[in-house]
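Participant: Sharing a structure here in structure tokens format.
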Amino acid sequence: MNPQRDVLSDALREMSDASPQASPELGASLGEAFARHHARRRRRNRTAIVIGLAACLAISVALLRANKQTNTARVARPISEVAKTPSPEQKVVVPESWKPEPPTITKAVAKPRLNATKINKPRNQGVEAQPASEQTGDFVALSTFDPAVPLGESRMVRMDLPGSALQQIGYPVDGQLLDRRILTDVLVGQDGMPYAVRLVQTRNVH
Amino acid sequence: MQVRSWGMRAGQRMAHAGSEDQELLRQLARGNPAAFQTCYERHQGPIFRFVWHMSGNRTTAEEVTQEVFLQLIHKPQKFDPAKGTLAGYLFGIARNVMRRQMAMSFLDVPLEDEELSDDPALAADFDMLTELDRQERLELLHKSVLALPAAYREALVLCDLEEMSYPAAAAILNCPEGTVASRLHRARAMLKSRLQSMRCVR
């Protein structure tokens with residue numbers, strides 16, 4: 001090896017070793033800058049999360065409202081359609097042995113049944129005397145329904161009720177139907193409380 | 001070998017680089033202050049010395065070092081391990097920042113690039129260099145290094161002062177290894193000539 005270069009290299013190395021260092025303040029200020037930067041970043045992330053959650057909440061509320069409006073619109077549809085599509089959780093299983101045939105009650109509501117025909121088919125107002133076939137949907141449980149009470153000891157009463165009365169016992173009725181009379185089968189429990197309701201649609205038979 | 005109190009030379013540091021640096025950087029990006037401290041302690045010395053030898057100005061060296069680490073704090077994801085080591089990446093930032101700073105100042109005015117002679121008389125020994133007082137010698141050397149043109153000075157600082165390998169220096173300087181070798185050779189020759197002209201060598 002060239003001894004001259006060795007001397008130069010040694011001198012350079014010595015110079016490198018003797019080089020000054022960065023001041024400790026630089027390290028401290030950079031440490032602070034690091035802490036500040038990440039504190040800001042964490043704040044930004046938290047804000048983004050909060051905004052995201054708020055957006056999710058707003059969307060959920062909007063969806064719930066839309067759903068509610070849809071349900072109300074469903075009630076506002078013809079009664080026959082409402083009776084066909086009760087919400088699944090409100091369905092009441094009625095025993096097979098149970099028949100809605102109390103003749104006296106049926107007679108009592110024979111006349112009002114024509115009123116129900118009026119609701120569905122207003123054009124047929126003049127054909128009251130024609131025989132009618134009826135169509136019923138599933139029972140919709142009311143808030144008074146107690147699953148602990150056996151249904152076998154309950155009875156069904158067919159009634160022609162105004163919409164407002166149905167609403168009072170807890171059946172969801174659209175505002176437009178409050179004044180109208182609706183033919184209804186009411187499941188009355190042993191204790192005399194209405195447990196469930198189903199709407200009856202009647203059709204004239206030619 | 002003399003041990004530095006503030007860490008290894010860049011060449012030694014780069015030899016140890018790799019997955020350790022990646023893990024450090026990952027922790028740093030997550031906001032771990034200990035990771036940043038470790039990273040700073042590892043790399044600030046070589047970066048600061050490089051800028052100091054290149055600029056000859058302590059303030060510039062501190063400013064550039066600060067800028068390098070601020071960039072690392074704000075954009076750690078910019079470092080791509082596939083492209084090289086963290087030390088190389090930091091040196092690259094330092095070089096760019098320093099260039100910008102020096103373009104705006106008059107610090108980087110190299111002394112006249114003298115025509116080098118192959119005169120055997122110039123290949124004198126360096127006895128005087130060894131005989132000089134240590135402080136004088138260091139000052140003289142520092143001035144001589146600063147007087148070199150920037151391209152040669154970079155090669156000399158990286159390879160001779162920071163003991164980097166040719167490939168590592170070539171990666172930082174964005175040039176082939178052969179270019180680094182020839183620049184280094186020329187830088188040494190110019191340095192020798194400068195020292196002779198200053199009557200440090202016989």
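Residue numbers start at 1 in each chain; chains themselves are named A, B, ... in the order of the structure tokens; ligands are numbered from 1 in the order shown.
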If we count only C-alpha atoms, which residues of chain A reach to within 12 Å of chain B? Please list them as a ChimeraX atom specification.
Facilitator: /A:2-42
Participant: Let's have the selection written as a short mmCIF file (atom, residue, chain, number, x, y, z; two decimals), in the first residue's frame, with C-alpha atoms.
Facilitator:
```cif
data_model
loop_
_atom_site.label_atom_id
_atom_site.label_comp_id
_atom_site.auth_asym_id
_atom_site.auth_seq_id
_atom_site.Cartn_x
_atom_site.Cartn_y
_atom_site.Cartn_z
CA ASN A 2 1.15 3.50 -0.78
CA PRO A 3 2.41 5.00 2.51
CA GLN A 4 1.62 8.51 1.27
CA ARG A 5 -1.99 7.60 0.73
CA ASP A 6 -1.99 5.96 4.13
CA VAL A 7 -0.94 9.20 5.74
CA LEU A 8 -3.59 11.10 3.82
CA SER A 9 -6.25 8.52 4.66
CA ASP A 10 -5.31 8.60 8.32
CA ALA A 11 -5.44 12.38 8.30
CA LEU A 12 -8.86 12.31 6.63
CA ARG A 13 -10.13 9.76 9.10
CA GLU A 14 -8.84 11.86 11.92
CA MET A 15 -10.64 14.84 10.44
CA SER A 16 -13.82 12.84 10.18
CA ASP A 17 -13.53 11.76 13.81
CA ALA A 18 -12.96 15.33 14.88
CA SER A 19 -16.00 16.59 13.00
CA PRO A 20 -18.47 18.51 15.10
CA GLN A 21 -21.74 16.97 16.18
CA ALA A 22 -25.21 18.30 15.76
CA SER A 23 -26.31 20.24 18.80
CA PRO A 24 -28.49 18.42 21.33
CA GLU A 25 -31.13 21.11 20.80
CA LEU A 26 -31.58 19.83 17.25
CA GLY A 27 -32.41 16.36 18.54
CA ALA A 28 -34.77 17.80 21.13
CA SER A 29 -36.57 20.03 18.63
CA LEU A 30 -36.93 17.14 16.20
CA GLY A 31 -38.31 14.97 18.99
CA GLU A 32 -40.88 17.66 19.74
CA ALA A 33 -41.71 17.99 16.04
CA PHE A 34 -42.23 14.24 15.89
CA ALA A 35 -44.54 14.30 18.93
CA ARG A 36 -46.48 17.28 17.53
CA HIS A 37 -46.86 15.67 14.12
CA HIS A 38 -48.22 12.43 15.52
CA ALA A 39 -50.49 14.19 18.01
CA ARG A 40 -51.96 16.11 15.05
CA ARG A 41 -52.25 12.90 13.05
CA ARG A 42 -54.03 11.13 15.90
#
```
Participant: Rounded to one decimal place, report the atom CA of Val197 of chain A-atom CA of Asn67 of chain A distance in Å.
Facilitator: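 Separation of atom CA of Val197 of chain A and atom CA of Asn67 of chain A: 22.8 Å.
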Participant: Using only C-alpha atoms, determine which residues lie at most 9 Å from Pro176 of chain B, disregarding the query and same-chain residues fewer than 4 positions distant; provide the list as a VMD selection string.
Facilitator: chain B and resid 166 to 167 170 to 171 180 to 181
Participant: Would you output that residue set with C-alpha atoms, as a PDB file, in the first residue's frame?
Facilitator:
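Below you can see again39.pdb, which holds the result:
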```pdb
ATOM      1  CA  TYR B 166     -18.297   2.282  -3.953  1.00  0.00           C
ATOM      2  CA  PRO B 167     -21.734   0.736  -4.652  1.00  0.00           C
ATOM      3  CA  ALA B 170     -22.757   5.273  -6.293  1.00  0.00           C
ATOM      4  CA  ALA B 171     -26.355   4.704  -5.183  1.00  0.00           C
ATOM      5  CA  VAL B 180     -17.224   7.191  -8.064  1.00  0.00           C
ATOM      6  CA  ALA B 181     -13.832   5.507  -8.221  1.00  0.00           C
TER       7      ALA B 181
END
```
Participant: What is the atom CA of Ile93 of chain B to atom CA of Val68 of chain B distance in Å?
Facilitator: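 Calculated distance between atom CA of Ile93 of chain B and atom CA of Val68 of chain B is 6.0 Å.
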Participant: I need the residues in segment 125-194 of chain A that are strand (DSSP E) according to DSSP; give them as a list in words.
Facilitator: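 Strand (DSSP E) members of segment 125-194 of chain A, listed: Ala132, Ser133, Glu134, Gln135, Thr136, Val140, Ala141, Arg155, Met156, Val157, Arg158, Met159, Asp160, Leu161, Pro162, Arg181, Ile182, Leu183, Thr184, Asp185, Val186, Leu187, Val188 and Pro194 of chain A.
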Participant: Can you tell me how far atom CA of Gln71 of chain B sits from atom CA of Ser165 of chain B, in Å to one decimal?
Facilitator: 25.6 Å
Participant: Excluding same-chain residues fewer than 5 positions from Gln101 of chain B, what lies within 9 Å of it counting only C-alpha atoms, as a ChimeraX atom specification?
Facilitator: /B:60,64,96
